[in-house]
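> The file below is query04.cif, mmCIF, C-alpha atoms:
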```
data_coords
loop_
_atom_site.label_atom_id
_atom_site.label_comp_id
_atom_site.auth_asym_id
_atom_site.auth_seq_id
_atom_site.Cartn_x
_atom_site.Cartn_y
_atom_site.Cartn_z
CA LEU A 1115 4.03 -21.64 -19.49
CA VAL A 1116 3.26 -23.79 -16.46
CA GLU A 1117 6.61 -25.54 -16.69
CA SER A 1118 8.37 -22.20 -17.09
CA TRP A 1119 6.74 -20.84 -13.94
CA ASP A 1120 7.43 -23.96 -11.90
CA GLY A 1121 11.09 -23.76 -12.89
CA PHE A 1122 11.29 -20.07 -12.00
CA ARG A 1123 9.77 -20.70 -8.58
CA ALA A 1124 12.12 -23.59 -7.87
CA ARG A 1125 15.21 -21.59 -8.78
CA PHE A 1126 14.29 -18.39 -6.97
CA ALA A 1127 12.85 -19.99 -3.85
CA THR A 1128 16.31 -21.36 -3.09
CA ILE A 1129 17.61 -17.87 -2.33
CA GLY A 1130 15.48 -17.80 0.78
CA GLY A 1131 18.08 -19.57 2.86
CA GLY A 1132 20.14 -16.48 3.55
CA GLY A 1133 17.92 -15.18 6.31
CA GLY A 1134 17.82 -11.62 5.04
CA GLU A 1135 14.67 -9.54 4.96
CA GLY A 1136 14.51 -9.69 1.15
CA ASP A 1137 14.91 -13.46 1.27
CA VAL A 1138 11.91 -13.78 3.57
CA VAL A 1139 9.77 -11.65 1.23
CA VAL A 1140 10.69 -13.86 -1.73
CA VAL A 1141 9.81 -17.03 0.17
CA ASP A 1142 6.55 -15.59 1.48
CA ILE A 1143 5.43 -14.63 -2.02
CA LEU A 1144 6.58 -17.71 -3.93
CA GLU A 1145 5.22 -20.15 -1.34
CA LYS A 1146 1.76 -18.59 -1.21
CA GLU A 1147 -0.70 -21.24 -2.42
CA SER A 1148 -2.24 -19.12 -5.15
CA VAL A 1149 1.22 -18.08 -6.38
CA VAL A 1150 2.42 -21.70 -6.47
CA ARG A 1151 -0.37 -22.26 -9.02
CA LEU A 1152 0.20 -18.95 -10.80
CA GLY A 1153 1.55 -20.48 -14.01
CA ARG A 1154 -1.52 -22.68 -14.44
CA ARG A 1155 -3.85 -19.84 -13.50
CA VAL A 1156 -2.31 -17.43 -16.00
CA TYR A 1157 -2.42 -20.13 -18.68
CA ASP A 1158 -6.07 -20.94 -17.99
CA MET A 1159 -7.04 -17.27 -18.12
CA ALA A 1160 -4.87 -16.29 -21.11
CA GLU A 1161 -7.59 -16.54 -23.76
CA TYR A 1162 -10.14 -14.67 -21.66
CA VAL A 1163 -7.69 -11.87 -20.82
CA SER A 1164 -6.54 -11.58 -24.42
CA LYS A 1165 -10.12 -11.26 -25.64
CA GLU A 1166 -10.87 -8.55 -23.08
CA LEU A 1167 -7.79 -6.61 -24.22
CA THR A 1168 -8.47 -6.89 -27.97
CA PRO A 1169 -10.89 -4.20 -29.14
CA GLU A 1170 -11.99 -3.50 -32.68
CA ALA A 1171 -10.59 -0.34 -34.24
CA GLY A 1172 -13.87 1.53 -33.80
CA ASP A 1173 -14.54 0.47 -30.21
CA GLU A 1174 -14.63 3.03 -27.43
CA TYR A 1175 -11.19 3.57 -25.84
CA ALA A 1176 -9.43 1.65 -28.62
CA THR A 1177 -6.26 3.27 -29.92
CA MET A 1178 -2.89 2.53 -31.46
CA VAL A 1179 -0.59 1.00 -28.86
CA HIS A 1180 3.18 0.82 -29.07
CA GLY A 1181 3.29 -2.74 -27.77
CA ASP A 1182 6.84 -2.59 -26.38
CA TYR A 1183 6.72 0.60 -24.35
CA LYS A 1184 9.75 0.06 -22.19
CA ALA A 1185 12.12 2.75 -20.98
CA MET A 1186 14.82 1.97 -23.54
CA ASN A 1187 12.38 2.61 -26.38
CA VAL A 1188 11.78 6.19 -25.26
CA PHE A 1189 14.23 9.04 -25.85
CA LEU A 1190 13.86 12.07 -23.61
CA PRO A 1191 15.10 15.51 -24.66
CA SER A 1192 18.47 16.44 -23.23
CA GLU A 1193 19.21 19.76 -21.57
CA SER A 1194 20.79 20.99 -24.81
CA THR A 1195 17.79 20.12 -26.99
CA ARG A 1196 14.98 20.81 -24.55
CA GLU A 1197 14.46 24.36 -25.79
CA GLY A 1198 13.70 23.22 -29.32
CA ASN A 1199 11.92 19.93 -28.62
CA LYS A 1200 10.13 19.18 -25.37
CA ASP A 1201 8.53 15.93 -26.51
CA ALA A 1202 9.74 12.42 -25.85
CA ILE A 1203 10.51 10.36 -28.96
CA MET A 1204 9.51 6.71 -29.23
CA ILE A 1205 11.33 4.10 -31.31
CA ASP A 1206 10.77 0.46 -32.33
CA PHE A 1207 7.17 0.13 -33.48
CA SER A 1208 7.47 -3.53 -34.48
CA CYS A 1209 4.76 -4.54 -31.97
CA ALA A 1210 2.36 -1.66 -32.65
CA GLY A 1211 -1.32 -2.40 -33.21
CA ILE A 1212 -4.88 -1.75 -32.06
CA GLY A 1213 -5.47 -2.06 -28.34
CA TYR A 1214 -6.00 -0.12 -25.14
CA GLY A 1215 -3.47 2.50 -24.15
CA MET A 1216 -3.45 1.09 -20.63
CA SER A 1217 -1.47 -1.87 -21.99
CA ASP A 1218 1.45 0.45 -22.71
CA VAL A 1219 0.99 2.14 -19.33
CA GLY A 1220 1.03 -1.13 -17.40
CA MET A 1221 4.12 -2.35 -19.22
CA HIS A 1222 6.00 0.92 -18.81
CA ILE A 1223 5.34 1.21 -15.08
CA VAL A 1224 6.67 -2.25 -14.26
CA HIS A 1225 9.64 -1.64 -16.55
CA ALA A 1226 10.70 1.64 -15.04
CA VAL A 1227 9.35 2.24 -11.52
CA LEU A 1228 10.48 0.70 -8.24
CA PRO A 1229 7.84 -0.75 -5.89
CA ARG A 1230 8.57 1.78 -3.15
CA ASP A 1231 7.57 4.53 -5.59
CA LEU A 1232 4.28 2.74 -6.32
CA ASP A 1233 3.31 2.33 -2.67
CA ASN A 1234 0.99 4.64 -0.76
CA GLY A 1235 -0.96 5.68 -3.83
CA GLY A 1236 2.07 6.24 -6.07
CA GLU A 1237 0.85 3.80 -8.71
CA GLU A 1238 -2.61 5.36 -8.79
CA ARG A 1239 -1.11 8.83 -9.15
CA LEU A 1240 0.97 7.73 -12.13
CA VAL A 1241 -2.04 6.15 -13.82
CA GLU A 1242 -4.17 9.20 -13.06
CA GLY A 1243 -1.51 11.46 -14.57
CA TYR A 1244 -1.67 9.47 -17.79
CA LEU A 1245 -5.47 9.53 -17.88
CA VAL A 1246 -5.68 13.28 -17.31
CA ALA A 1247 -3.10 13.90 -20.05
CA LEU A 1248 -4.95 11.54 -22.40
CA GLU A 1249 -8.32 13.17 -21.79
CA ASN A 1250 -6.87 16.63 -22.31
CA ALA A 1251 -5.19 15.58 -25.56
CA VAL A 1252 -8.33 13.89 -26.91
CA ASN A 1253 -10.49 16.89 -26.09
CA ARG A 1254 -8.02 19.34 -27.65
CA ARG A 1255 -8.11 17.28 -30.82
CA ARG A 1256 -11.91 17.19 -30.79
CA ARG A 1257 -12.04 20.97 -30.47
CA ARG A 1258 -9.64 21.44 -33.36
CA ARG A 1259 -11.63 19.09 -35.56
CA ARG A 1260 -14.91 20.81 -34.71
CA ARG A 1261 -13.47 24.23 -35.47
CA ARG A 1262 -12.13 23.06 -38.79
CA SER A 1263 -15.38 21.39 -39.81
CA LYS A 1264 -17.83 24.06 -38.63
CA ARG A 1265 -15.52 27.09 -38.60
CA ILE A 1266 -17.26 28.31 -35.50
CA ASP A 1267 -16.51 28.05 -31.81
CA ASP A 1268 -19.96 28.75 -30.41
CA ASP A 1269 -19.85 25.44 -28.56
CA TYR A 1270 -17.08 26.63 -26.26
CA ASP A 1271 -17.16 28.90 -23.28
CA GLY A 1272 -15.15 32.09 -22.96
CA GLU A 1273 -12.01 30.25 -21.87
CA GLY A 1274 -12.01 27.96 -24.89
CA LYS A 1275 -13.15 24.89 -22.96
CA GLU A 1276 -15.79 22.41 -23.98
CA GLU A 1277 -19.04 22.18 -22.11
CA GLU A 1278 -18.73 19.59 -19.38
CA GLU A 1279 -21.30 17.20 -20.86
CA GLU A 1280 -19.42 17.10 -24.15
CA ARG A 1281 -16.02 16.36 -22.69
CA TRP A 1282 -14.58 12.95 -23.56
CA THR A 1283 -13.52 10.93 -20.54
CA TYR A 1284 -12.01 7.55 -19.80
CA PRO A 1285 -14.06 6.37 -16.80
CA ARG A 1286 -11.66 5.38 -14.05
CA GLU A 1287 -13.36 2.05 -13.37
CA VAL A 1288 -13.02 1.09 -17.04
CA ALA A 1289 -9.47 2.41 -17.27
CA MET A 1290 -8.29 0.54 -14.18
CA ARG A 1291 -9.90 -2.66 -15.40
CA HIS A 1292 -7.93 -2.34 -18.64
CA TYR A 1293 -4.79 -1.58 -16.65
CA ARG A 1294 -5.16 -4.65 -14.45
CA LEU A 1295 -5.93 -6.90 -17.42
CA ALA A 1296 -2.79 -5.55 -19.09
CA CYS A 1297 -0.70 -6.40 -16.03
CA VAL A 1298 -1.99 -9.98 -16.03
CA ASP A 1299 -1.31 -10.32 -19.74
CA TYR A 1300 2.18 -8.89 -19.42
CA LEU A 1301 3.12 -11.38 -16.71
CA ARG A 1302 2.04 -14.15 -19.09
CA PHE A 1303 4.49 -12.78 -21.67
CA ILE A 1304 7.31 -12.43 -19.14
CA MET A 1305 6.74 -15.92 -17.77
CA GLY A 1306 6.85 -17.58 -21.15
CA ARG A 1307 9.66 -15.61 -22.77
CA PHE A 1308 12.08 -14.33 -20.15
CA TRP A 1309 11.60 -16.27 -16.94
CA ARG A 1310 11.91 -19.68 -18.54
CA SER A 1311 15.67 -19.51 -18.09
CA ALA A 1312 15.97 -16.75 -15.49
CA THR A 1313 18.04 -17.43 -12.36
CA PRO A 1314 19.08 -15.40 -9.33
CA GLU A 1315 22.53 -15.29 -10.92
CA SER A 1316 21.20 -13.86 -14.21
CA PHE A 1317 19.27 -11.21 -12.28
CA GLU A 1318 22.41 -10.24 -10.38
CA LYS A 1319 24.52 -10.15 -13.54
CA LYS A 1320 22.07 -7.75 -15.23
CA SER A 1321 21.27 -5.70 -12.12
CA GLU A 1322 23.07 -2.59 -13.41
CA SER A 1323 22.14 -3.01 -17.09
CA LYS A 1324 20.25 0.03 -18.36
CA ASN A 1325 19.18 -1.96 -21.40
CA THR A 1326 17.41 -4.63 -19.34
CA THR A 1327 13.96 -4.02 -17.93
CA LEU A 1328 13.60 -3.84 -14.16
CA ILE A 1329 11.39 -6.90 -13.97
CA ASN A 1330 14.21 -9.01 -15.47
CA ARG A 1331 17.01 -7.71 -13.25
CA ASN A 1332 15.48 -6.53 -9.99
CA LEU A 1333 14.09 -9.17 -7.64
CA GLU A 1334 12.09 -6.66 -5.62
CA VAL A 1335 10.29 -5.48 -8.77
CA ALA A 1336 9.63 -9.05 -9.92
CA MET A 1337 8.19 -10.14 -6.57
CA ALA A 1338 6.02 -7.04 -6.26
CA PHE A 1339 4.62 -7.59 -9.76
CA ILE A 1340 3.92 -11.26 -9.03
CA ALA A 1341 2.04 -10.31 -5.85
CA LYS A 1342 0.06 -7.64 -7.70
CA VAL A 1343 -0.92 -9.91 -10.59
CA ASP A 1344 -1.91 -12.62 -8.11
CA ARG A 1345 -4.48 -10.18 -6.66
CA TYR A 1346 -5.68 -8.94 -10.03
CA LEU A 1347 -6.02 -12.44 -11.41
CA GLU A 1348 -8.27 -13.49 -8.56
CA VAL A 1349 -10.72 -10.73 -9.55
CA PHE A 1350 -10.80 -11.78 -13.21
CA GLU A 1351 -11.11 -15.47 -12.38
CA LYS A 1352 -14.24 -14.63 -10.38
CA GLU A 1353 -15.50 -12.40 -13.19
CA LYS A 1354 -15.01 -15.18 -15.73
CA ARG A 1355 -16.83 -17.72 -13.55
CA GLU A 1356 -19.77 -15.37 -13.05
CA ARG A 1357 -20.05 -14.71 -16.78
CA GLU A 1358 -19.97 -18.42 -17.53
CA MET A 1359 -22.71 -19.06 -14.99
CA MET A 1360 -24.87 -16.33 -16.50
CA MET A 1361 -24.46 -17.87 -19.95
CA MET A 1362 -25.52 -21.27 -18.62
CA HIS A 1363 -28.74 -19.74 -17.34
#
```
Would you write out, as structure tokens, the structure that this file holds?

Amino acid sequence: LVESWDGFRARFATIGGGGGEGDVVVVDILEKESVVRLGRRVYDMAEYVSKELTPEAGDEYATMVHGDYKAMNVFLPSESTREGNKDAIMIDFSCAGIGYGMSDVGMHIVHAVLPRDLDNGGEERLVEGYLVALENAVNRRRRRRRRRSKRIDDDYDGEGKEEEEERWTYPREVAMRHYRLACVDYLRFIMGRFWRSATPESFEKKSESKNTTLINRNLEVAMAFIAKVDRYLEVFEKEKREREMMMMH
């Protein structure tokens, strides 16, 4: 992993000689001291991050995750079929398993959304949209199960909503922690599998490929994700150190 990252940096830093605005951004990011060491940092934190993202089936917030939730694994209804089927259809469940749904969210966002659409609160709005939809879906299912089991609906108000104290929620602090862990873990995967042989030329060749994820064909997306994970990783490195110190005492 460390060797893969060092090679990626060496190959992509060379594009900074053109003098363009994008070139300067690439150089600024890849030459930042913490980013120079990013491969080693991700490697050193890999076990900790993996453990934090691996719940037991019965743990709170654990669910089935797709595991490869990229844009090309999701079929959206066309105009001709939208009347009969409004739901998206997922394919390729070869990586499915128990985890946190935020892992799929983190992967999908970096696969499908440009950095300019994530700026100024755009990323937070996307994540919040997922969380609201998730909470609504979970609470609808809970209501259906309660009605089937008790055959009464006395626990609901006149509008068919649960009492506030009974509503299931995904606390935002917990959800965003899972999201940030997922981003760190996904960069580890990208580093080791795809960026080992990536070059500016391979990015350019795939730039218009709809079957290639943005992070493997769009330099702006790749640099923005690197900068984001650099920030997230700093938080979890501190968290890990503090936990280790507490265990020593």
> Do you have the atom CA of A:Thr1326-atom CA of A:Asp1231 distance handy?
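We find that atom CA of A:Thr1326 and atom CA of A:Asp1231 lie 19.2 Å from each other.
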> Identify which of the residues A:Ala1338, A:Leu1190, A:Ile1129, A:Ala1171 lies closest to A:Glu1315, counting only C-alpha atoms when measuring atom-to-atom distances.
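Ranking A:Ala1338, A:Leu1190, A:Ile1129, A:Ala1171 by distance to A:Glu1315, first place goes to A:Ile1129.
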> For the structure provided, state which residues fall under the PyMOL selection byres ((chain A and resi 1324) around 12), and present them as a ChimeraX atom specification.
/A:1184-1187,1225-1226,1320-1323,1325-1328,1330-1332
> Which distance in Å separates atom CA of A:His1292 and atom CA of A:Glu1353, to one decimal?
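Taking atom CA of A:His1292 and atom CA of A:Glu1353, their separation equals 13.7 Å.
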> For the atom pair atom CA of A:Ala1127 and atom CA of A:Gly1236, what is the interatomic distance in Å to one decimal place?
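Pair atom CA of A:Ala1127 / atom CA of A:Gly1236 returns 28.4 Å.
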> Nearest to A:Leu1301 among A:Lys1342, A:Lys1352, A:Arg1123, A:Arg1262, with distances taken over only C-alpha atoms: which residue is it?
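Smallest separation from A:Leu1301 among the options: A:Lys1342.
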> Let me make sure I understand: among A:Val1179, A:Val1141, A:Ala1160, A:Leu1333, which one has the smallest atom-to-atom distance to A:Ser1217 if we use all atoms listed in the file?
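Residue with the minimum atom-to-atom distance to A:Ser1217: A:Val1179.
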> Please identify all polymer residues lying at most 12 Å from the point (6.2, -18.0, 0.3) (file coordinates), using all atoms listed in the file, and present the result as a PyMOL selection string.
chain A and resi 1123-1124+1126-1130+1136-1150+1337+1340-1341
> Could you give me, as a ChimeraX atom specification, the residues that have an atom at most 12 Å away from the point (-1.0, -9.7, -10.5) in the coordinates of the file, using all atoms listed in the file?
/A:1143,1148-1149,1152-1153,1155-1156,1220,1224,1293-1302,1336-1351
> Find the smallest box with edges along x, y and z containing every listed atom of stretch 1344-1363 of chain A, then add 3 Å on each side and report centre and edge lengths in Å to one decimal, as JSON.

```
{"center_x": -15.3, "center_y": -15.1, "center_z": -13.3, "size_x": 32.8, "size_y": 18.3, "size_z": 19.3}
```
> To test your reading of the syntax: which residues would the PyMOL selection byres ((chain A and resi 1211) around 6) return for the file shown? Reply as a list in words.
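So the PyMOL selection byres ((chain A and resi 1211) around 6) ends up selecting Met1178, Val1179, Ala1210 and Ile1212 of chain A.
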> A:Arg1258, A:Ile1203, A:Met1360, A:Arg1154: which is nearest A:Ser1118, counting all atoms listed in the file?
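Under the stated criterion, the closest residue is A:Arg1154.
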> Let me make sure I understand: among A:Val1252, A:Met1361, A:Ile1329, A:Val1241, which one has the smallest atom-to-atom distance to A:Ile1304 if we use only C-alpha atoms?
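Selected residue with least distance to A:Ile1304: A:Ile1329.
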